[in-house]
Amino acid sequence: MSTPKASTNSGQSSPHQAARGVVTDNLLSLQTFILDEEARHPHASGEFSWIISAISLAAKMIAYKVRHVRLQGGVGSQGDVNVQGEEQIKMDVIANEVIMRVLGSRHSIAVLGSEEDEQPTILRRGSEGGKYCVLFDPLDGSSNLDTAVGVGTIFTILLNDPTIPGAVETVCQPGTKQVAAGYVLYGSSTVFVITTGHGVHMFELDMSVGSFLLVSRDLKMPRTCKVYSVNEANTEGFPEGYQRYLKWAHANDYSSRYIGSMVADVHRTLVKGGVFLYPPTAKHAGGKLRLLYEANPMSFLVEQAGGMSVSGTKRTMEIQPKELHERTPLVMGSSGEVEHVLRHLRG
Ligand code: P6P
């Protein structure tokens, strides 16, 4: 297979950068890409590839339902409050059921953890097998569905340890232990972004063939970009360092972009650069975003794309989780931009 012609963000392509740019000629599906990756690891059993294939299938099913959400009756309250204390949208439950049904049939999975379910789901115990655990937020930002704003699915894949008796203890691993992580953004296009620790790769859903096709290989985010993304309505409740940073950004010609859907805000940051912040607030003193299945997978992707992700002044992926649904403050994005925030947090 010839090396795909590619152009980098700057429009200049060089042999070194070419591999990182937009893929313009060879058509590679997500399925083929993952099998290619698997072939590079002689001892790979193929179990991991089956999981990505399942997530891809679930993503296509959810993409269709999201794009017809009112016709599918997916808008509006489910009438319940989830474990997060948030009102469940009907589409939250539909997306969760799709993923649980698709992943539940994969023999390589021992434990599933969802933002929508209080406890993890144990599929296989001890000697019953199950090499991996999968955690996910089935439909992040779903409160935006009634206004047709981009929403997303976030997932992370961890190794299972059958010697650990409790499912929660098994999945409470620091982000550095992630085997793979990714998201699907159901936006103006449906994109599947994944890393297995060897760069970040983006695929776009071609509805005419029902496949995710590679559009960007080894994506790298710009080191700087004068854009910050935060809900400024919460400013008065931010710790002082964040308030000092925002004053500095306002005085240094920064633009503000905030969608209020993490997958959409982080995807923009990954592709164009900038910094996304969800600091501690008056309502969420420990931060609002969930460590295990939102912050960690997004941090893995951002770091693989050359960026940084911190919680306070600590590297997000080094936090040792204690609970499945624990939350964390978060600052992630271009390394140069995260450094500007850290400078103000350190005072
Ligand atoms: P706020 C969506 O509800 C979500 O969990 C993330 O997708 C998003 O980044 C954040 O909350 C938005 O929170 O408080 O700004 O509405």
# chains A, B, ... in the order shown; residues from 1 in each chain; ligands from 1
>>> closest_atom_pairs(of="chain A", to="ligand 1", cutoff="6 Å", atoms="only C-alpha atoms and all ligand atoms", output="tab-separated table")
residue	atom	partner	partner_atom_place_in_ligand_line	distance
A:Asp140	CA	ligand 1	7 (O)	5.0
A:Gly141	CA	ligand 1	2 (C)	3.8
A:Asn231	CA	ligand 1	15 (O)	4.9
A:Gly260	CA	ligand 1	12 (C)	4.3
A:Ser261	CA	ligand 1	7 (O)	3.7
A:Met262	CA	ligand 1	9 (O)	3.5
A:Leu289	CA	ligand 1	5 (O)	6.0
>>> write_last_selection(atoms="C-alpha atoms", output="compact mmCIF listing (two decimals), in the first residue's frame")
# COMPACT_ATOMS: atom_id res chain seq x y z
CA ASP A 140 -22.35 12.69 26.59
CA GLY A 141 -24.02 16.08 26.22
CA ASN A 231 -18.57 27.99 30.96
CA GLY A 260 -21.44 22.68 26.48
CA SER A 261 -20.96 19.20 25.05
CA MET A 262 -17.58 17.83 26.13
CA LEU A 289 -16.60 15.74 34.59
>>> select_by_dssp(residues="stretch 227-343 of chain A", states="strand (DSSP E)", output="list in words")
Val227, Tyr228, Ser229, Ser255, Ser256, Val275, Phe276, Leu277, Tyr278, Leu289, Arg290, Met308, Ser309, Val310, Ser311, Lys314, Arg315, Arg327, Thr328, Leu330, Val331, Met332 and Gly333 of chain A
>>> residues_around(residues="A:Pro280", least_positions_apart="2", cutoff="10 Å", atoms="only C-alpha atoms", output="number ranges by chain")
A: 234-235, 237-239, 242, 277-278, 282-289, 311-312, 328-330
>>> write_last_selection(atoms="N, CA, C and O atoms", output="PDB file, in the first residue's frame")
ATOM      1  N   ASN A 234     -19.840  30.347  35.393  1.00  0.00           N
ATOM      2  CA  ASN A 234     -19.413  29.804  36.695  1.00  0.00           C
ATOM      3  C   ASN A 234     -18.196  30.528  37.279  1.00  0.00           C
ATOM      4  O   ASN A 234     -17.676  30.128  38.318  1.00  0.00           O
ATOM      5  N   THR A 235     -17.716  31.575  36.571  1.00  0.00           N
ATOM      6  CA  THR A 235     -16.435  32.195  36.927  1.00  0.00           C
ATOM      7  C   THR A 235     -16.311  32.550  38.410  1.00  0.00           C
ATOM      8  O   THR A 235     -15.308  32.271  39.048  1.00  0.00           O
ATOM      9  N   GLY A 237     -17.378  31.243  40.884  1.00  0.00           N
ATOM     10  CA  GLY A 237     -17.141  30.098  41.774  1.00  0.00           C
ATOM     11  C   GLY A 237     -15.804  29.416  41.527  1.00  0.00           C
ATOM     12  O   GLY A 237     -15.430  28.477  42.237  1.00  0.00           O
ATOM     13  N   PHE A 238     -15.064  29.847  40.492  1.00  0.00           N
ATOM     14  CA  PHE A 238     -13.765  29.221  40.190  1.00  0.00           C
ATOM     15  C   PHE A 238     -12.746  29.611  41.259  1.00  0.00           C
ATOM     16  O   PHE A 238     -12.761  30.752  41.742  1.00  0.00           O
ATOM     17  N   PRO A 239     -11.832  28.725  41.631  1.00  0.00           N
ATOM     18  CA  PRO A 239     -10.683  29.131  42.457  1.00  0.00           C
ATOM     19  C   PRO A 239      -9.952  30.288  41.785  1.00  0.00           C
ATOM     20  O   PRO A 239      -9.981  30.444  40.568  1.00  0.00           O
ATOM     21  N   TYR A 242      -7.838  30.218  38.378  1.00  0.00           N
ATOM     22  CA  TYR A 242      -8.573  30.154  37.106  1.00  0.00           C
ATOM     23  C   TYR A 242      -9.087  31.540  36.735  1.00  0.00           C
ATOM     24  O   TYR A 242      -9.096  31.932  35.567  1.00  0.00           O
ATOM     25  N   LEU A 277     -11.512  23.887  29.629  1.00  0.00           N
ATOM     26  CA  LEU A 277     -11.442  23.877  31.095  1.00  0.00           C
ATOM     27  C   LEU A 277     -12.804  23.572  31.708  1.00  0.00           C
ATOM     28  O   LEU A 277     -13.824  24.112  31.258  1.00  0.00           O
ATOM     29  N   TYR A 278     -12.822  22.687  32.699  1.00  0.00           N
ATOM     30  CA  TYR A 278     -13.974  22.600  33.593  1.00  0.00           C
ATOM     31  C   TYR A 278     -13.436  22.643  35.029  1.00  0.00           C
ATOM     32  O   TYR A 278     -13.142  21.612  35.625  1.00  0.00           O
ATOM     33  N   ALA A 282     -18.919  26.418  42.200  1.00  0.00           N
ATOM     34  CA  ALA A 282     -19.707  26.461  43.445  1.00  0.00           C
ATOM     35  C   ALA A 282     -20.585  25.211  43.548  1.00  0.00           C
ATOM     36  O   ALA A 282     -20.746  24.616  44.604  1.00  0.00           O
ATOM     37  N   LYS A 283     -21.096  24.774  42.396  1.00  0.00           N
ATOM     38  CA  LYS A 283     -22.004  23.601  42.406  1.00  0.00           C
ATOM     39  C   LYS A 283     -21.209  22.290  42.403  1.00  0.00           C
ATOM     40  O   LYS A 283     -21.640  21.290  42.962  1.00  0.00           O
ATOM     41  N   HIS A 284     -20.083  22.273  41.742  1.00  0.00           N
ATOM     42  CA  HIS A 284     -19.261  21.052  41.642  1.00  0.00           C
ATOM     43  C   HIS A 284     -17.857  21.369  42.161  1.00  0.00           C
ATOM     44  O   HIS A 284     -16.949  21.658  41.392  1.00  0.00           O
ATOM     45  N   ALA A 285     -17.691  21.312  43.487  1.00  0.00           N
ATOM     46  CA  ALA A 285     -16.409  21.717  44.096  1.00  0.00           C
ATOM     47  C   ALA A 285     -15.273  20.794  43.660  1.00  0.00           C
ATOM     48  O   ALA A 285     -14.115  21.200  43.623  1.00  0.00           O
ATOM     49  N   GLY A 286     -15.625  19.543  43.271  1.00  0.00           N
ATOM     50  CA  GLY A 286     -14.577  18.603  42.830  1.00  0.00           C
ATOM     51  C   GLY A 286     -14.524  18.487  41.321  1.00  0.00           C
ATOM     52  O   GLY A 286     -13.949  17.555  40.770  1.00  0.00           O
ATOM     53  N   GLY A 287     -15.191  19.438  40.642  1.00  0.00           N
ATOM     54  CA  GLY A 287     -15.274  19.347  39.177  1.00  0.00           C
ATOM     55  C   GLY A 287     -16.506  18.571  38.782  1.00  0.00           C
ATOM     56  O   GLY A 287     -17.056  17.792  39.571  1.00  0.00           O
ATOM     57  N   LYS A 288     -16.968  18.737  37.559  1.00  0.00           N
ATOM     58  CA  LYS A 288     -18.210  18.080  37.118  1.00  0.00           C
ATOM     59  C   LYS A 288     -17.922  16.829  36.300  1.00  0.00           C
ATOM     60  O   LYS A 288     -18.690  15.871  36.332  1.00  0.00           O
ATOM     61  N   LEU A 289     -16.829  16.825  35.546  1.00  0.00           N
ATOM     62  CA  LEU A 289     -16.595  15.745  34.585  1.00  0.00           C
ATOM     63  C   LEU A 289     -16.072  14.490  35.282  1.00  0.00           C
ATOM     64  O   LEU A 289     -15.353  14.573  36.279  1.00  0.00           O
ATOM     65  N   SER A 311      -5.448  17.972  36.201  1.00  0.00           N
ATOM     66  CA  SER A 311      -6.544  18.167  37.160  1.00  0.00           C
ATOM     67  C   SER A 311      -5.931  18.921  38.325  1.00  0.00           C
ATOM     68  O   SER A 311      -5.094  18.365  39.049  1.00  0.00           O
ATOM     69  N   GLY A 312      -6.273  20.209  38.449  1.00  0.00           N
ATOM     70  CA  GLY A 312      -5.484  21.062  39.347  1.00  0.00           C
ATOM     71  C   GLY A 312      -4.114  21.213  38.708  1.00  0.00           C
ATOM     72  O   GLY A 312      -4.012  21.564  37.539  1.00  0.00           O
ATOM     73  N   THR A 328     -13.694  15.027  38.466  1.00  0.00           N
ATOM     74  CA  THR A 328     -12.408  15.711  38.568  1.00  0.00           C
ATOM     75  C   THR A 328     -12.474  17.066  37.877  1.00  0.00           C
ATOM     76  O   THR A 328     -13.188  17.214  36.875  1.00  0.00           O
ATOM     77  N   PRO A 329     -11.756  18.061  38.393  1.00  0.00           N
ATOM     78  CA  PRO A 329     -11.600  19.287  37.613  1.00  0.00           C
ATOM     79  C   PRO A 329     -10.708  18.944  36.416  1.00  0.00           C
ATOM     80  O   PRO A 329      -9.982  17.944  36.451  1.00  0.00           O
ATOM     81  N   LEU A 330     -10.759  19.749  35.367  1.00  0.00           N
ATOM     82  CA  LEU A 330     -10.040  19.354  34.157  1.00  0.00           C
ATOM     83  C   LEU A 330      -9.598  20.580  33.370  1.00  0.00           C
ATOM     84  O   LEU A 330     -10.360  21.537  33.212  1.00  0.00           O
TER      85      LEU A 330
END
>>> closest_residue(among="A:Glu240, A:Glu116, A:Glu38, A:Glu97", to="A:Asp80", atoms="only C-alpha atoms")
A:Glu116
>>> select_by_dssp(residues="stretch 151-320 of chain A", states="alpha helix (DSSP H)", output="number ranges by chain")
A: 167-171, 240-250, 262-272, 296-304
>>> residues_around(residues="stretch 83-94 of chain A", least_positions_apart="6", cutoff="8 Å", atoms="only C-alpha atoms", output="MDAnalysis selection string")
chainID A and resid 66 69 73:77 115:118 138:139 142:143 325
>>> write_last_selection(atoms="N, CA and C atoms", output="PDB file, in the first residue's frame")
ATOM      1  N   VAL A  66     -29.620   9.228  16.734  1.00  0.00           N
ATOM      2  CA  VAL A  66     -29.409  10.636  17.098  1.00  0.00           C
ATOM      3  C   VAL A  66     -29.878  11.544  15.965  1.00  0.00           C
ATOM      4  N   VAL A  69     -33.630  11.876  16.146  1.00  0.00           N
ATOM      5  CA  VAL A  69     -33.964  11.719  17.566  1.00  0.00           C
ATOM      6  C   VAL A  69     -35.428  12.058  17.862  1.00  0.00           C
ATOM      7  N   GLY A  73     -38.496   9.510  18.928  1.00  0.00           N
ATOM      8  CA  GLY A  73     -39.056   9.722  20.269  1.00  0.00           C
ATOM      9  C   GLY A  73     -37.985   9.721  21.344  1.00  0.00           C
ATOM     10  N   GLY A  74     -36.763  10.154  20.955  1.00  0.00           N
ATOM     11  CA  GLY A  74     -35.640  10.094  21.901  1.00  0.00           C
ATOM     12  C   GLY A  74     -35.441  11.354  22.709  1.00  0.00           C
ATOM     13  N   VAL A  75     -36.215  12.397  22.373  1.00  0.00           N
ATOM     14  CA  VAL A  75     -36.056  13.662  23.113  1.00  0.00           C
ATOM     15  C   VAL A  75     -37.026  13.628  24.300  1.00  0.00           C
ATOM     16  N   GLY A  76     -36.671  14.342  25.316  1.00  0.00           N
ATOM     17  CA  GLY A  76     -37.552  14.403  26.469  1.00  0.00           C
ATOM     18  C   GLY A  76     -37.094  13.484  27.575  1.00  0.00           C
ATOM     19  N   SER A  77     -37.634  13.721  28.730  1.00  0.00           N
ATOM     20  CA  SER A  77     -37.176  13.015  29.917  1.00  0.00           C
ATOM     21  C   SER A  77     -37.637  11.558  29.934  1.00  0.00           C
ATOM     22  N   GLU A 115     -21.808   5.368  32.460  1.00  0.00           N
ATOM     23  CA  GLU A 115     -22.202   6.566  33.196  1.00  0.00           C
ATOM     24  C   GLU A 115     -23.641   6.448  33.654  1.00  0.00           C
ATOM     25  N   GLU A 116     -24.444   5.664  32.918  1.00  0.00           N
ATOM     26  CA  GLU A 116     -25.874   5.560  33.222  1.00  0.00           C
ATOM     27  C   GLU A 116     -26.195   4.536  34.302  1.00  0.00           C
ATOM     28  N   ASP A 117     -25.218   3.681  34.639  1.00  0.00           N
ATOM     29  CA  ASP A 117     -25.516   2.590  35.596  1.00  0.00           C
ATOM     30  C   ASP A 117     -24.704   2.767  36.872  1.00  0.00           C
ATOM     31  N   GLU A 118     -25.374   2.657  38.015  1.00  0.00           N
ATOM     32  CA  GLU A 118     -24.679   2.903  39.284  1.00  0.00           C
ATOM     33  C   GLU A 118     -23.517   1.944  39.498  1.00  0.00           C
ATOM     34  N   PRO A 138     -22.364   6.711  27.330  1.00  0.00           N
ATOM     35  CA  PRO A 138     -23.060   6.373  26.072  1.00  0.00           C
ATOM     36  C   PRO A 138     -23.469   7.572  25.228  1.00  0.00           C
ATOM     37  N   LEU A 139     -23.881   8.653  25.878  1.00  0.00           N
ATOM     38  CA  LEU A 139     -24.294   9.825  25.105  1.00  0.00           C
ATOM     39  C   LEU A 139     -24.027  11.094  25.898  1.00  0.00           C
ATOM     40  N   SER A 142     -26.103  14.826  26.157  1.00  0.00           N
ATOM     41  CA  SER A 142     -27.436  14.517  25.617  1.00  0.00           C
ATOM     42  C   SER A 142     -28.472  15.599  25.900  1.00  0.00           C
ATOM     43  N   SER A 143     -28.202  16.438  26.900  1.00  0.00           N
ATOM     44  CA  SER A 143     -29.173  17.514  27.188  1.00  0.00           C
ATOM     45  C   SER A 143     -29.237  18.500  26.018  1.00  0.00           C
ATOM     46  N   HIS A 325     -17.756   6.533  39.568  1.00  0.00           N
ATOM     47  CA  HIS A 325     -18.329   7.783  39.042  1.00  0.00           C
ATOM     48  C   HIS A 325     -17.679   9.037  39.622  1.00  0.00           C
TER      49      HIS A 325
END
>>> atom_distance(atom1="atom CA of A:Tyr186", atom2="atom CA of A:Thr224")
26.4 Å
>>> residues_around(residues="stretch 313-320 of chain A", least_positions_apart="6", cutoff="8 Å", atoms="only C-alpha atoms", output="PDB file with N, CA and C atoms, in the first residue's frame")
ATOM      1  N   CYS A 172     -11.105   0.650  38.648  1.00  0.00           N
ATOM      2  CA  CYS A 172     -10.538   1.902  39.182  1.00  0.00           C
ATOM      3  C   CYS A 172      -9.025   1.926  38.963  1.00  0.00           C
ATOM      4  N   GLN A 173      -8.645   2.089  37.701  1.00  0.00           N
ATOM      5  CA  GLN A 173      -7.234   2.137  37.311  1.00  0.00           C
ATOM      6  C   GLN A 173      -6.879   3.556  36.851  1.00  0.00           C
ATOM      7  N   PRO A 174      -5.657   4.017  37.131  1.00  0.00           N
ATOM      8  CA  PRO A 174      -5.266   5.339  36.630  1.00  0.00           C
ATOM      9  C   PRO A 174      -5.276   5.356  35.103  1.00  0.00           C
ATOM     10  N   GLY A 175      -5.435   6.543  34.537  1.00  0.00           N
ATOM     11  CA  GLY A 175      -5.536   6.683  33.086  1.00  0.00           C
ATOM     12  C   GLY A 175      -4.326   6.164  32.325  1.00  0.00           C
ATOM     13  N   THR A 176      -3.177   6.122  33.022  1.00  0.00           N
ATOM     14  CA  THR A 176      -1.962   5.621  32.352  1.00  0.00           C
ATOM     15  C   THR A 176      -2.082   4.138  31.994  1.00  0.00           C
ATOM     16  N   ALA A 295     -12.792  12.129  31.579  1.00  0.00           N
ATOM     17  CA  ALA A 295     -11.504  12.814  31.642  1.00  0.00           C
ATOM     18  C   ALA A 295     -10.355  11.925  31.172  1.00  0.00           C
ATOM     19  N   ASN A 296     -10.290  10.677  31.658  1.00  0.00           N
ATOM     20  CA  ASN A 296      -9.151   9.823  31.294  1.00  0.00           C
ATOM     21  C   ASN A 296      -9.087   9.484  29.807  1.00  0.00           C
ATOM     22  N   SER A 299      -8.072  12.546  28.011  1.00  0.00           N
ATOM     23  CA  SER A 299      -6.678  12.894  28.333  1.00  0.00           C
ATOM     24  C   SER A 299      -5.700  12.031  27.537  1.00  0.00           C
ATOM     25  N   PHE A 300      -6.033  10.740  27.395  1.00  0.00           N
ATOM     26  CA  PHE A 300      -5.175   9.825  26.627  1.00  0.00           C
ATOM     27  C   PHE A 300      -5.045  10.341  25.190  1.00  0.00           C
ATOM     28  N   LEU A 330     -10.759  19.749  35.367  1.00  0.00           N
ATOM     29  CA  LEU A 330     -10.040  19.354  34.157  1.00  0.00           C
ATOM     30  C   LEU A 330      -9.598  20.580  33.370  1.00  0.00           C
ATOM     31  N   LEU A 342      -1.612  26.726  33.919  1.00  0.00           N
ATOM     32  CA  LEU A 342      -0.845  26.247  35.087  1.00  0.00           C
ATOM     33  C   LEU A 342      -0.063  27.382  35.734  1.00  0.00           C
ATOM     34  N   LEU A 345      -2.376  29.017  37.937  1.00  0.00           N
ATOM     35  CA  LEU A 345      -2.814  28.189  39.078  1.00  0.00           C
ATOM     36  C   LEU A 345      -1.718  28.102  40.139  1.00  0.00           C
ATOM     37  N   ARG A 346      -0.452  28.146  39.650  1.00  0.00           N
ATOM     38  CA  ARG A 346       0.664  28.040  40.608  1.00  0.00           C
ATOM     39  C   ARG A 346       0.923  29.366  41.289  1.00  0.00           C
TER      40      ARG A 346
END
>>> residues_around(residues="A:Tyr228", least_positions_apart="3", cutoff="10 Å", atoms="only C-alpha atoms", output="list in words")
Cys225, Asn231, Leu246, Ala249, His250, Tyr254, Ser255, Ser256, Arg257, Tyr258, Asp265, Thr269, Gly273, Gly274, Val275, Phe276, Leu277, Gly333, Glu337 and Val338 of chain A
>>> write_last_selection(atoms="C-alpha atoms", output="PDB file, in the first residue's frame")
ATOM      1  CA  CYS A 225      -3.972  28.496  19.799  1.00  0.00           C
ATOM      2  CA  ASN A 231     -18.572  27.986  30.963  1.00  0.00           C
ATOM      3  CA  LEU A 246      -9.298  34.252  32.382  1.00  0.00           C
ATOM      4  CA  ALA A 249      -6.677  35.618  28.407  1.00  0.00           C
ATOM      5  CA  HIS A 250      -9.164  38.484  28.046  1.00  0.00           C
ATOM      6  CA  TYR A 254      -8.121  35.149  23.185  1.00  0.00           C
ATOM      7  CA  SER A 255     -11.360  33.940  21.638  1.00  0.00           C
ATOM      8  CA  SER A 256     -13.921  31.930  23.578  1.00  0.00           C
ATOM      9  CA  ARG A 257     -15.683  28.863  22.183  1.00  0.00           C
ATOM     10  CA  TYR A 258     -18.020  26.794  24.386  1.00  0.00           C
ATOM     11  CA  ASP A 265     -15.552  21.023  22.738  1.00  0.00           C
ATOM     12  CA  THR A 269      -9.613  21.583  20.723  1.00  0.00           C
ATOM     13  CA  GLY A 273      -5.826  23.619  19.318  1.00  0.00           C
ATOM     14  CA  GLY A 274      -6.721  25.735  22.339  1.00  0.00           C
ATOM     15  CA  VAL A 275      -7.625  24.789  25.892  1.00  0.00           C
ATOM     16  CA  PHE A 276     -10.782  23.261  27.420  1.00  0.00           C
ATOM     17  CA  LEU A 277     -11.442  23.877  31.095  1.00  0.00           C
ATOM     18  CA  GLY A 333      -5.530  20.997  25.258  1.00  0.00           C
ATOM     19  CA  GLU A 337      -2.097  26.799  26.379  1.00  0.00           C
ATOM     20  CA  VAL A 338      -2.285  24.425  29.351  1.00  0.00           C
TER      21      VAL A 338
END
>>> residues_around(residues="A:Thr32", least_positions_apart="5", cutoff="12 Å", atoms="only C-alpha atoms", output="list of chain:residue names")
A:Asn26, A:Leu27, A:Glu37, A:Glu38, A:Ala39, A:Ser49, A:Trp50, A:Ile52, A:Ser53, A:Phe203, A:Ser211, A:Phe212, A:Leu213, A:Leu214
>>> atom_distance(atom1="atom CA of A:Arg70", atom2="atom CA of A:Leu135")
27.4 Å
